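Accompanying notes for the structure given below.
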Amino acid sequence: MLDNLKAATFEVLETMFFVFPENLEEASGMFHGPGLRAWVPVAGPQRFRIGLTLPLSLAREMAVNFLGLEKDDLTPQQVEDVVKEAANMVAGNFLSKEEVPAAYNLEPPQALGLDLDAQAWQENSHHLLMAVEDVGLEVFLEKTK
Amino acid sequence: MAYNVLIVDDSATMRALIRKVLTIAGFDLGECLEAGNGREALAHLEDYWVDLVLSDLHMPEMNGLQLVEAMRRHHLWQQIPVVLITTESRQEIMAPLLAGGGIQGYIRKPFRPEDIREKLHTVLGEAWLPDARQFEGCDF
């Protein structure tokens, strides 16, 4: 399952956002400063969510690449929307790769800002940690109530 | 011939991107209308002549599937081609839509400008096809 999540993430970020994640053991030490977390709730017989956490600097770079705007012209709302859209694409791509039954549906993405230094970063069976150049990127798949 | 296009997506960011990609793809864009969900799209269809609808599937209030159903029931809108641009590509969902003629095609996100170009070429035919040189080395 995590292989498909990783493949979905790579495909989406490389194709539409022109950033290139890589697996790096040191990724857990690359989460610093202000960040954004965006996720897509998945409704169905079981509920879960699929999302991304990343530093604001990477979010802005993705928004520049996605929208073709200058960094200084971006609004915070645009940056948030772009990260939500990235989470939406990763989630949809993952469901297709997993051939999840049609009873499961994506709900509108959500996002929040957070201080990355205040979080613990550890890869496990539901959280993948990657690096994009010198900053961290988390992809997660979590059960929810 | 310039085509009037209705872009339906709950993300304003995505709508802006699709509009931009249409231009990059050399699409002869006439009026470009935008709607945040199916209900807003139907309101636009009441007021404007639209040649092509590009719609997301998962949206609040009225989703893409409900929009397509409403269009196919309406005598003026049932012939307007609809192409879904969506993260959804599960065959269980997409195959019945294609087989039943509800939609003329779909483009899976993530997509490249070439994907849009090829799909619209298939749906609309040769008439709008731009000079292929416009595509060389292009990106978003």
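Simple scheme: letters A, B, ... for chains in structure tokens order, numbers from 1 for residues in each chain, numbers from 1 for ligands in the order shown.
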Which residues, written as a list in words, have at least one atom at most 9 Å from region 9-14 of chain A, with only C-alpha atoms counted and residues fewer than 6 positions away on the same chain left out?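 Non-adjacent residues within range: Phe20, Pro21, Glu22, Met62, Ala86, Ala87, Met89, Val90, Ala91, Asn93, Phe94 and Val139 of chain A; Lys109, Pro110 and Phe111 of chain B.
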Using backbone DSSP assignments, extract all helix (DSSP H, G or I) residues from chain A; output them as a PyMOL selection string. chain A and resi 2-16+25-29+56-67+71-73+76-98+116-118
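In this structure, CA of Gln110 (chain A) sits 14.7 Å away from CA of Ala12 (chain B).
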When you look at Val79 (chain A) with a cut-off of 6 Å (counting only C-alpha atoms), what residues show up, excluding the ones that are within fewer than 2 positions of it in the same chain? I need them as a list of chain:residue names.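 Surrounding residues, per the criterion: A:Arg60, A:Ala63, A:Pro76, A:Gln77, A:Asp81, A:Val82.
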Residues of chain A within 9 Å of chain B, counting only C-alpha atoms, what are they? List them as a PyMOL selection string. chain A and resi 11-13+15-16+65-68+78+81-82+85+88-93+95-97+99-102+105-108
Which residue, B:Met94, B:Leu42, B:Val68, B:Val83, has the smallest gap to His121 (chain B) when you use only C-alpha atoms?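 Closest residue, counting only C-alpha atoms: B:Val83.
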Within 10 Å of Ala43 (chain A) using only C-alpha atoms, minus same-chain residues under 2 positions, as an mmCIF file with C-alpha atoms, in the first residue's frame:
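Result saved to out01.cif:
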```cif
data_model
loop_
_atom_site.group_PDB
_atom_site.id
_atom_site.type_symbol
_atom_site.label_atom_id
_atom_site.label_comp_id
_atom_site.auth_asym_id
_atom_site.auth_seq_id
_atom_site.Cartn_x
_atom_site.Cartn_y
_atom_site.Cartn_z
ATOM 1 C CA VAL A 40 -8.311 14.770 1.768
ATOM 2 C CA PRO A 41 -10.860 12.875 3.858
ATOM 3 C CA PRO A 45 -17.194 1.819 4.788
ATOM 4 C CA GLN A 46 -14.082 2.965 6.658
ATOM 5 C CA ARG A 47 -12.929 6.554 6.938
ATOM 6 C CA PHE A 48 -9.366 7.661 6.437
ATOM 7 C CA ARG A 49 -7.429 10.640 5.195
ATOM 8 C CA ALA A 103 -17.960 3.011 -2.299
ATOM 9 C CA TYR A 104 -15.007 5.117 -1.203
ATOM 10 C CA ASN A 105 -15.129 8.757 -2.231
ATOM 11 C CA LEU A 106 -12.902 11.770 -1.851
ATOM 12 C CA GLU A 107 -14.232 14.718 0.115
ATOM 13 C CA THR A 144 -10.061 8.590 11.080
#
```
For CA of Ala70 (chain B) and CA of Ile85 (chain B), quote the distance in Å rounded to one decimal. 18.1 Å
Can you work out the spacing between CA of Ala41 (chain B) and CA of Asp73 (chain A) in Å, to one decimal? 29.1 Å
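Across B:Pro113, B:Gly30, B:Gly38, B:Gly105, the tightest approach to Met62 (chain B) is made by B:Gly38 when counting only C-alpha atoms.
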